[in-house]
>>> print(open('protein_13.tsv').read())   # TSV, C-alpha atoms
chain	number	residue	atom	x	y	z
F	22	MET	CA	101.97	76.74	112.62
F	23	LYS	CA	102.87	80.02	110.91
F	24	HIS	CA	104.76	78.10	108.21
F	25	PHE	CA	101.80	75.78	107.72
F	26	TRP	CA	99.49	78.70	106.84
F	27	ALA	CA	102.07	80.27	104.55
F	28	ALA	CA	102.52	76.95	102.74
F	29	LEU	CA	98.76	76.52	102.43
F	30	VAL	CA	98.36	80.00	100.90
F	31	VAL	CA	101.15	79.31	98.39
F	32	ALA	CA	99.64	75.93	97.51
F	33	LEU	CA	96.18	77.40	97.00
F	34	ALA	CA	97.56	80.25	94.91
F	35	GLY	CA	99.46	77.80	92.78
F	36	SER	CA	96.41	75.59	92.27
F	37	ALA	CA	94.28	78.61	91.38
F	38	GLN	CA	96.77	79.63	88.73
F	39	ALA	CA	97.02	76.10	87.40
F	40	ALA	CA	93.24	75.91	87.08
F	41	ASP	CA	93.17	79.37	85.43
F	42	VAL	CA	90.96	80.76	88.20
F	43	THR	CA	90.49	84.52	88.49
F	44	VAL	CA	89.51	86.14	91.76
F	45	ASP	CA	87.26	89.12	91.03
F	46	MET	CA	87.46	91.72	93.79
F	47	ALA	CA	85.75	94.42	91.73
F	48	HIS	CA	82.39	94.00	93.41
F	49	ASP	CA	83.66	93.57	96.95
F	50	VAL	CA	81.66	95.75	99.30
F	51	SER	CA	82.53	96.17	102.96
F	52	GLN	CA	81.07	98.39	105.63
F	53	ALA	CA	83.05	100.91	107.64
F	54	ALA	CA	81.47	103.59	109.82
F	55	GLY	CA	78.06	102.94	108.24
F	56	HIS	CA	79.22	103.59	104.68
F	57	ALA	CA	80.06	101.02	102.04
F	58	GLU	CA	83.44	100.62	100.41
F	59	HIS	CA	83.36	99.59	96.73
F	60	VAL	CA	86.48	98.14	95.13
F	61	VAL	CA	87.40	99.06	91.56
F	62	ASP	CA	90.31	97.39	89.82
F	63	GLN	CA	92.23	98.56	86.78
F	64	VAL	CA	92.83	95.66	84.46
F	65	THR	CA	94.66	94.91	81.26
F	66	ASP	CA	93.22	92.02	79.25
F	67	PRO	CA	95.99	90.73	76.96
F	68	GLY	CA	93.46	88.45	75.27
F	69	ALA	CA	91.41	91.37	73.93
F	70	SER	CA	91.27	91.61	70.16
F	71	ALA	CA	91.73	95.39	70.16
F	72	ALA	CA	93.03	98.13	72.45
F	73	ARG	CA	89.41	99.28	72.92
F	74	GLY	CA	88.67	96.25	75.10
F	75	MET	CA	92.10	95.69	76.54
F	76	PHE	CA	92.19	98.42	79.21
F	77	GLN	CA	89.29	98.64	81.66
F	78	PHE	CA	88.04	99.65	85.06
F	79	GLU	CA	86.21	96.76	86.72
F	80	PRO	CA	83.46	97.70	87.25
F	81	SER	CA	83.26	100.68	84.90
F	82	LEU	CA	79.81	101.74	86.13
F	83	LEU	CA	79.59	102.13	89.88
F	84	ARG	CA	76.49	103.03	91.89
F	85	LEU	CA	77.10	104.45	95.36
F	86	ALA	CA	75.03	105.81	98.20
F	87	PRO	CA	76.06	109.26	99.44
F	88	GLY	CA	78.98	108.84	101.84
F	89	ASP	CA	80.25	105.62	100.23
F	90	ARG	CA	83.87	105.22	99.23
F	91	MET	CA	85.43	103.90	96.07
F	92	VAL	CA	88.68	102.01	96.60
F	93	VAL	CA	90.82	101.97	93.46
F	94	LEU	CA	93.39	99.21	93.06
F	95	ASN	CA	96.40	99.03	90.76
F	96	SER	CA	97.03	102.63	89.73
F	97	THR	CA	100.53	101.49	88.92
F	98	GLY	CA	102.65	101.59	85.81
F	99	GLU	CA	100.68	103.31	83.09
F	100	HIS	CA	97.27	103.10	84.81
F	101	THR	CA	95.97	106.27	86.46
F	102	VAL	CA	92.63	107.62	87.65
F	103	HIS	CA	91.73	111.24	86.89
F	104	SER	CA	88.48	113.12	87.21
F	105	VAL	CA	87.03	114.43	83.95
F	106	PRO	CA	86.31	118.18	84.29
F	107	ALA	CA	83.21	118.05	82.05
F	108	LEU	CA	81.73	115.32	84.27
F	109	TRP	CA	82.93	116.57	87.64
F	110	PRO	CA	81.29	119.10	89.97
F	111	ALA	CA	83.32	122.29	90.35
F	112	ASP	CA	83.00	122.16	94.14
F	113	LYS	CA	84.41	118.61	94.46
F	114	GLU	CA	88.15	118.16	94.76
F	115	GLU	CA	89.56	116.67	91.57
F	116	VAL	CA	90.95	113.15	91.58
F	117	ALA	CA	94.49	112.51	90.34
F	118	ILE	CA	95.75	109.05	91.29
F	119	ALA	CA	99.00	107.61	89.93
F	120	ASN	CA	101.56	105.13	91.20
F	121	ALA	CA	99.35	103.96	94.05
F	122	PRO	CA	98.44	100.31	94.58
F	123	ARG	CA	95.38	101.39	96.64
F	124	SER	CA	93.56	104.73	96.91
F	125	GLU	CA	90.22	105.84	98.33
F	126	VAL	CA	87.79	108.49	97.12
F	127	GLN	CA	84.65	109.36	99.09
F	128	PHE	CA	81.51	110.58	97.35
F	129	ASP	CA	79.13	112.55	99.57
F	130	ALA	CA	76.83	114.40	97.16
F	131	PRO	CA	74.43	112.81	94.66
F	132	GLY	CA	75.60	113.25	91.08
F	133	VAL	CA	77.29	111.76	88.04
F	134	TYR	CA	81.08	111.63	88.24
F	135	GLY	CA	83.37	110.78	85.31
F	136	LEU	CA	86.84	109.27	85.67
F	137	ARG	CA	89.41	108.13	83.15
F	138	CYS	CA	92.85	106.63	82.84
F	139	ARG	CA	95.02	109.36	81.32
F	140	ARG	CA	97.01	106.90	79.25
F	141	HIS	CA	94.24	104.52	78.20
F	142	GLY	CA	91.16	106.76	78.17
F	143	GLN	CA	91.63	107.14	74.44
F	144	TYR	CA	90.82	103.43	74.17
F	145	GLY	CA	87.68	103.76	76.27
F	146	MET	CA	89.16	103.13	79.74
F	147	VAL	CA	86.65	105.32	81.57
F	148	MET	CA	84.20	104.91	84.38
F	149	LEU	CA	81.09	106.59	85.70
F	150	VAL	CA	80.24	106.83	89.36
F	151	ILE	CA	76.57	107.45	90.01
F	152	VAL	CA	75.91	108.65	93.55
F	153	GLY	CA	72.39	108.42	94.94
F	154	ASP	CA	69.84	109.34	92.30
F	155	GLY	CA	72.56	110.86	90.10
F	156	GLY	CA	71.60	114.34	91.24
F	157	GLY	CA	68.66	114.25	88.85
F	158	VAL	CA	70.95	114.12	85.80
F	159	THR	CA	69.10	112.54	82.87
F	160	ASP	CA	71.43	113.47	80.01
F	161	ILE	CA	75.20	113.97	79.72
F	162	SER	CA	75.41	114.61	75.98
F	163	THR	CA	76.31	118.31	76.40
F	164	GLN	CA	79.09	117.49	78.87
F	165	VAL	CA	80.45	114.68	76.70
F	166	GLN	CA	80.38	116.89	73.62
F	167	ALA	CA	82.37	119.57	75.50
F	168	MET	CA	85.05	117.08	76.61
F	169	LYS	CA	88.54	117.25	75.16
F	170	ALA	CA	88.68	113.56	74.32
F	171	ARG	CA	88.91	111.13	71.46
F	172	PRO	CA	85.74	109.62	69.98
F	173	ALA	CA	86.24	106.21	71.68
F	174	GLU	CA	86.39	107.87	75.09
F	175	LYS	CA	83.28	109.95	74.45
F	176	LYS	CA	81.43	106.89	73.18
F	177	ALA	CA	82.44	104.91	76.28
F	178	PHE	CA	80.96	107.60	78.55
F	179	ARG	CA	77.73	107.74	76.51
F	180	ASP	CA	77.44	103.93	76.60
F	181	LEU	CA	78.00	103.80	80.37
F	182	PHE	CA	75.37	106.47	80.98
F	183	GLU	CA	72.93	104.64	78.71
F	184	SER	CA	73.56	101.46	80.74
F	185	TYR	CA	72.82	103.42	83.90
F	186	LEU	CA	69.56	104.79	82.47
F	187	ASN	CA	68.56	101.26	81.41
F	188	GLY	CA	69.18	99.94	84.91
F	189	GLN	CA	72.10	97.74	84.00
>>> encode(input="protein_13.tsv", output="C-alpha cells")
Amino acid sequence: MKHFWAALVVALAGSAQAADVTVDMAHDVSQAAGHAEHVVDQVTDPGASAARGMFQFEPSLLRLAPGDRMVVLNSTGEHTVHSVPALWPADKEEVAIANAPRSEVQFDAPGVYGLRCRRHGQYGMVMLVIVGDGGGVTDISTQVQAMKARPAEKKAFRDLFESYLNGQ
C-alpha cells in the first residue's frame, strides 16, 4: 500500500509538470494556537523580460493580524530575507535568513515592516508586511528616502505601500 501511494504521488507530479501546472502555496494560511501562518515563497521567473521582474517574493505585500507568523520558503542559493533598518522598528529583532528552506517570523505589534533579498533587492525583490492597522503609518517616503538602496528597490517599496493604501 505504501508503494501505491508513492507511485500515485510521482504520477500526479509528473502529470502536473507535463500539463505545465504550478502549485501556488504563497497564499496558504493555516491556524496554529489561534494565530494564522502565512506562506511566502521566493521565486525566480526565468521567463521575465528583465531582472526587475525576475526575482520576487510571492506575495510581496502581506497583511497579518498581530500574533500571526510569516513562513518563508526557499531562502536557498542566492535568495535571502533581511529586515530593512529604515522600515523596521528598533525594538524588533532583525531578520536575517539565508540557506534555510523554511523559516518563521512572528509579528506581534501593529506596524509596517520592510524586508528584502540582499542579492536581488536591487532588482526590486522586496516585500512589505503590514500588521494590524499598520501602526497608523500613512506615509513611508521619509524612511524610503533614508534607505541605502538602489532606485529600483526604493520604487518597489513605494509601489507596495501605495498598493496597501489603495486596498490592493
>>> atom_distance(input="protein_13.tsv", atom1="atom CA of F:Met146", atom2="atom CA of F:Thr101")
10.1 Å
>>> residues_around(input="protein_13.tsv", residues="stretch 68-80 of chain F", least_positions_apart="5", cutoff="10 Å", atoms="all atoms listed in the file", output="number ranges by chain")
F: 45-48, 59-63, 93-94, 100, 102, 136-138, 140-150, 173-174, 177
>>> residues_near_point(input="protein_13.tsv", point="(87.9, 119.7, 91.1)", cutoff="12 Å", atoms="all atoms listed in the file", output="list of chain:residue names")
F:His103, F:Ser104, F:Val105, F:Pro106, F:Ala107, F:Leu108, F:Trp109, F:Pro110, F:Ala111, F:Asp112, F:Lys113, F:Glu114, F:Glu115, F:Val116, F:Ala117, F:Tyr134, F:Gly135, F:Leu136
>>> atom_distance(input="protein_13.tsv", atom1="atom CA of F:Pro67", atom2="atom CA of F:Met168")
28.5 Å
>>> residues_around(input="protein_13.tsv", residues="F:Asp154", least_positions_apart="2", cutoff="9 Å", atoms="all atoms listed in the file", output="list in words")
Ala86, Pro131, Gly132, Val133, Ile151, Val152, Gly156, Gly157 and Val158 of chain F
